[in-house]
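Visitor: I am attaching a structure below and will ask some questions about it afterwards.
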Amino acid sequence: MRVDIVTKEFPPEIYGGAGVHVAELSRVLAEHVDLRVHCFGAARGTDYHGAQVLNYQVPDDMAGTNSALQTLGVDLRIVPDIGGADVVHSHTWYANMAGHLASLLHGIPHVLSAHSLEPLRPWKAEQLGGGYALSSWAERTAYEGAAAVIAVSAGMRADILRCYPQVDPAKVHVIHNGIDVQQWQPAADDDAVRALGIDPDRPSVAFVGRITRQKGVPYLLKAAAELPPEVQLVLCVGAADTPELGAEVSSLTARLQAERDGVVVIERMLPRDELIQVLSNATVFACPSIYEPLGIVNLEAMACGTAVVASATGGIPEVVVDGETGALVPLEQVTDGSGTPTDPDKFVSDFATALRKVVSDPDAAARMGEAGRRRAEEHFSWSTIAESTQQVYESVRLNS
């Protein structure tokens with residue numbers, strides 16, 4: 001069977017959980033199917049663990065147009081090359097339209113993996129302007145036309161059926177994200193973390209992620225003001241989605257640094273070896289997200305043997321076991337799609353309380369970290385995920 005995957009992110013150009021998912025799934029799938037990966041961006045090697053890789057860039061005559069329009073331009077370039085595939089599998093709205101059009105043009109089933117939903121990320125209108133209407137249209141059209149939709153959590157499945165009621169529930173399958181526990185293992189190296197500005201002899205709370213509304217960084221910065229003075233806050237962050245959000249986070253960070261020491265800001269996405277050092281050294285990993293379909297970064301922290309304190313939203317409760325692998329912080333949210341806490345001050349206070357409780361008891365935190373490692377090993381292997389994904393491919397081929 002020939003399967004063509006379409007994705008914006010692919011190694012080495014990965015900046016989020018969807019890219020990690022596609023890379024790991026492709027690595028395992030290539031052992032079992034004739035796999036071709038169509039990805040956005042610069043030229044890569046043409047082989048990835050046995051998968052053929054093809055890359056596509058924005059058409060020259062679309063340079064300078066709205067970024068959503070550029071995305072659709074790349075999708076159109078991909079569609080002809082999918083001819084001959086048995087199944088096309090797209091990831092995120094960036095690639096969904098390529099999968100949808102290829103399905104129509106070549107008469108093949110389109111499988112779509114849901115890593116996030118545009119209706120639940122309304123803040124993207126700040127970035128894309130009218131392009132947000134385009135991305136929303138592309139996503140809805142693809143979901144409603146897909147032969148099957150794979151949700152990365154049961155929480156995500158519920159969101160899909162709520163946001164897109166025209167989608168047949170029988171077509172929506174739950175297959176969790178995974179983690180390669182051979183690559184992600186506890187590996188504390190004092191010299192390595194010192195080189196990043198972290199004191200390995202002090203307890204620390206670590207955060208890793210982009211500065212985007214859904215990741216809840218401002219709530220974490222406010223909660224960190226209530227941490228014991230000896231606790232470090234380590235922020236590994238990428239660029240902010242908008243100048244306004246960047247300014248808000250910078251202001252909160254500066255205020256926190258003026259009040260306490262040990263606020264370490266690493267303004268780049270770390271390579272895996274350095275990120276493993278940060279996570280392995282941390283007493284607690286913090287995930288204050290207000291929207292998180294599953295959260296691969298929580299699995300990465302758990303695989304590194306670190307306790308996780310996270311908001312109880314989306315698919316996070318399917319990963320983090322409250323009181324066993326960490327702590328879940330209750331989060332009541334408004335129903336306008338933004339995910340904003342109904343009582344932001346209470347959420348900040350509750351998150352701070354959960355962080356203090358875990359970080360102040362290193363022995364309990366270590367036990368949670370060990371339990372998290374076992375859970376990652378036993379429930380989130382990529383071989384199991386690839387097998388379940390292949391079963392979806394076979395089912396849509398039989399029904400096409």
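FYI, nothing fancy with the structure tokens labels: chains A, B, ... in order, residues from 1 per chain, ligands from 1 as they appear.
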Which of region 93-340 of chain A end up as helix (DSSP H, G or I) when DSSP is run on this backbone - answer as a ChimeraX atom specification?
Guide: /A:93-106,118-120,122-128,131-145,154-163,169-171,190-195,213-215,217-224,243-259,272-281,296-303,316-318
Visitor: Would you write out, as a tab-separated table, a table of all residues in region 158-192 of chain A that have an atom no more than 12 Å from an atom of region 134-141 of chain A, listing for each the closest atom pair and the distance in Å to one decimal, considering only C-alpha atoms and ordering rows by chain and rising residue number?
Guide:
```
residue	atom	partner	partner_atom	distance
A:Ile160	CA	A:Arg140	CA	10.0
A:Leu161	CA	A:Arg140	CA	11.5
A:Cys163	CA	A:Arg140	CA	8.9
A:Tyr164	CA	A:Arg140	CA	7.1
A:Pro165	CA	A:Arg140	CA	10.3
A:Gln166	CA	A:Arg140	CA	9.5
A:Val167	CA	A:Arg140	CA	9.4
```
Visitor: Keeping only C-alpha atoms, write the selected residues to a file as a PDB file, in the first residue's frame.
Guide:
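In the end it all went to again_35.pdb:
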```
ATOM      1  CA  ILE A 160     -14.277  17.963  16.617  1.00  0.00           C
ATOM      2  CA  LEU A 161     -17.870  16.794  16.877  1.00  0.00           C
ATOM      3  CA  CYS A 163     -17.127  22.325  16.206  1.00  0.00           C
ATOM      4  CA  TYR A 164     -18.046  20.359  13.081  1.00  0.00           C
ATOM      5  CA  PRO A 165     -21.449  18.742  13.678  1.00  0.00           C
ATOM      6  CA  GLN A 166     -21.666  17.727   9.985  1.00  0.00           C
ATOM      7  CA  VAL A 167     -18.857  15.200  10.535  1.00  0.00           C
TER       8      VAL A 167
END
```
Visitor: I'd like the contact shell of Gly17 (chain A) - 10 Å cut-off, only C-alpha atoms, skipping same-chain residues fewer than 5 positions apart - returned as a ChimeraX atom specification.
Guide: /A:9,22-23,115,177,209,294-297
Visitor: Let's have the selection written as a PDB file, in the first residue's frame, with C-alpha atoms.
Guide:
```pdb
ATOM      1  CA  GLU A   9       6.488  20.510   9.474  1.00  0.00           C
ATOM      2  CA  VAL A  22       4.524  13.312  11.838  1.00  0.00           C
ATOM      3  CA  ALA A  23       8.255  12.634  12.127  1.00  0.00           C
ATOM      4  CA  HIS A 115      -3.800  18.184  16.193  1.00  0.00           C
ATOM      5  CA  ASN A 177       0.125  10.938  20.319  1.00  0.00           C
ATOM      6  CA  GLY A 209       6.762  25.894  24.299  1.00  0.00           C
ATOM      7  CA  LEU A 294      -3.008  16.210  23.946  1.00  0.00           C
ATOM      8  CA  GLY A 295       0.361  17.824  24.624  1.00  0.00           C
ATOM      9  CA  ILE A 296       3.390  15.853  23.462  1.00  0.00           C
ATOM     10  CA  VAL A 297       5.625  18.028  25.632  1.00  0.00           C
TER      11      VAL A 297
END
```
Visitor: Need to verify the contact set: Gly197 (chain A), 12 Å, only C-alpha atoms, exclusion of same-chain residues closer than 5 positions in sequence. Can you return it as a list in words?
Guide: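 Residues near the query, excluding close chain neighbours: Asp190, Asp191, Ala192, Arg202, Gln232, Leu233, Val234, Leu235, Cys236, Asp261, Gly262, Val263, Val264, Val265, Ile266 and Val278 of chain A.
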Visitor: For CA of Gly99 (chain A) and CA of Ala125 (chain A), quote the distance in Å rounded to one decimal.
Guide: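 Taking CA of Gly99 (chain A) as the start and CA of Ala125 (chain A) as the end point, the length is 23.9 Å.
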Visitor: What's around Thr46 (chain A) at 12 Å? Count only C-alpha atoms, leave out sequence neighbours fewer than 4 positions away in its own chain, and write the answer as an MDAnalysis selection string.
Guide: chainID A and resid 11 35:39 42 50:55
Visitor: Convert the current residue selection to file output with C-alpha atoms, as a CSV table (one decimal), in the first residue's frame.
Guide:
```csv
chain,number,residue,atom,x,y,z
A,11,PRO,CA,12.7,17.4,10.1
A,35,LEU,CA,5.5,6.0,2.3
A,36,ARG,CA,6.0,9.4,0.7
A,37,VAL,CA,6.1,12.6,2.7
A,38,HIS,CA,5.2,15.9,1.1
A,39,CYS,CA,6.3,18.8,3.3
A,42,ALA,CA,13.6,24.0,2.1
A,50,GLY,CA,12.9,4.6,4.2
A,51,ALA,CA,10.2,7.2,3.4
A,52,GLN,CA,10.6,9.3,0.2
A,53,VAL,CA,10.6,13.0,1.1
A,54,LEU,CA,9.5,15.8,-1.3
A,55,ASN,CA,9.6,19.4,-0.3
```
Visitor: Could you list, as a list in words, every residue within 12 Å of Gln185 (chain A), counting only C-alpha atoms and ignoring same-chain residues fewer than 4 positions away?
Guide: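 So the residues in contact are Ile179, Asp180, Val181, Arg272, Asp273, Leu275, Ile276, Gln277, Val278, Leu279, Ser280, Asn281, Leu299, Glu300, Ala301, Met302, Ala303, Cys304, Gly305, Thr306, Gly369, Glu370, Gly372, Arg373, Arg374, Ala376 and Glu377 of chain A.
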Visitor: As a list of chain:residue names, please: the residues near Thr384 (chain A) (cut-off 10 Å, only C-alpha atoms, same-chain neighbours under 5 positions excluded).
Guide: A:Val28, A:Ile175, A:His176, A:Gly178, A:His379, A:Thr389
Visitor: How about saving the chosen residues, N, CA and C atoms kept, as a compact mmCIF listing (two decimals), in the first residue's frame?
Guide:
```
# COMPACT_ATOMS: atom_id res chain seq x y z
N VAL A 28 8.14 5.05 11.81
CA VAL A 28 7.66 3.69 12.05
C VAL A 28 6.86 3.17 10.87
N ILE A 175 -6.65 8.09 18.35
CA ILE A 175 -5.32 7.46 18.42
C ILE A 175 -4.40 8.49 19.07
N HIS A 176 -3.93 8.20 20.26
CA HIS A 176 -3.13 9.17 21.00
C HIS A 176 -1.80 9.49 20.31
N GLY A 178 2.29 9.95 20.70
CA GLY A 178 3.20 9.03 21.37
C GLY A 178 4.53 9.65 21.72
N HIS A 379 2.02 3.07 27.71
CA HIS A 379 0.77 3.47 27.05
C HIS A 379 0.96 4.32 25.78
N THR A 389 -2.97 3.36 13.23
CA THR A 389 -3.14 4.24 12.07
C THR A 389 -3.28 3.41 10.79
```
Visitor: Between A:Ser116, A:Ala240, A:Ser381, A:Met156, single out the one closest to Trp184 (chain A), counting only C-alpha atoms.
Guide: A:Ser381
Visitor: Using only C-alpha atoms, can you tell me which of A:Glu332, A:Glu226, A:Asp75, A:Asp199 comes closest to Ile290 (chain A)?
Guide: A:Glu332
Visitor: Give me, please, the distance in Å between CA of Pro203 (chain A) and CA of Val20 (chain A), quoted to one decimal.
Guide: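 Distance reported for this atom pair: 28.5 Å.
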Visitor: Sort by chain and increasing residue number a table of all residues of region 146-242 of chain A within 12 Å of region 100-107 of chain A, each with its closest pair of atoms and their distance in Å to one decimal, counting only C-alpha atoms, and write it as a Markdown table.
Guide:
```
| residue | atom | partner | partner_atom | distance |
| --- | --- | --- | --- | --- |
| A:Ala146 | CA | A:His100 | CA | 7.0 |
| A:Ala147 | CA | A:Ser103 | CA | 9.3 |
| A:Ala148 | CA | A:His100 | CA | 11.5 |
```
Visitor: Between CA of Asp60 (chain A) and CA of Lys8 (chain A), what is the distance, to one decimal in Å?
Guide: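 Answer for the CA of Asp60 (chain A) to CA of Lys8 (chain A) separation: 17.8 Å.
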Visitor: A:Leu196, A:Pro293, A:Gln183, A:Pro243: which is nearest Ala158 (chain A), counting only C-alpha atoms?
Guide: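 Closest to Ala158 (chain A) of all the choices is A:Pro293.
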Visitor: Residues of region 52-114 of chain A in strand (DSSP E or B) according to DSSP, as a count of residues only?
Guide: 15
Visitor: Hey, which of A:Leu256, A:Val87, A:Val193, A:Ala312 ends up closest to Gln333 (chain A)? Count only C-alpha atoms.
Guide: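 Distance minimum relative to Gln333 (chain A) lands on A:Ala312.
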Visitor: Which is closest to Ala223 (chain A) among A:Cys287, A:Ala63, A:Met97, A:Val308, if we use only C-alpha atoms?
Guide: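 Once distances to Ala223 (chain A) are computed over only C-alpha atoms, the minimum belongs to A:Cys287.
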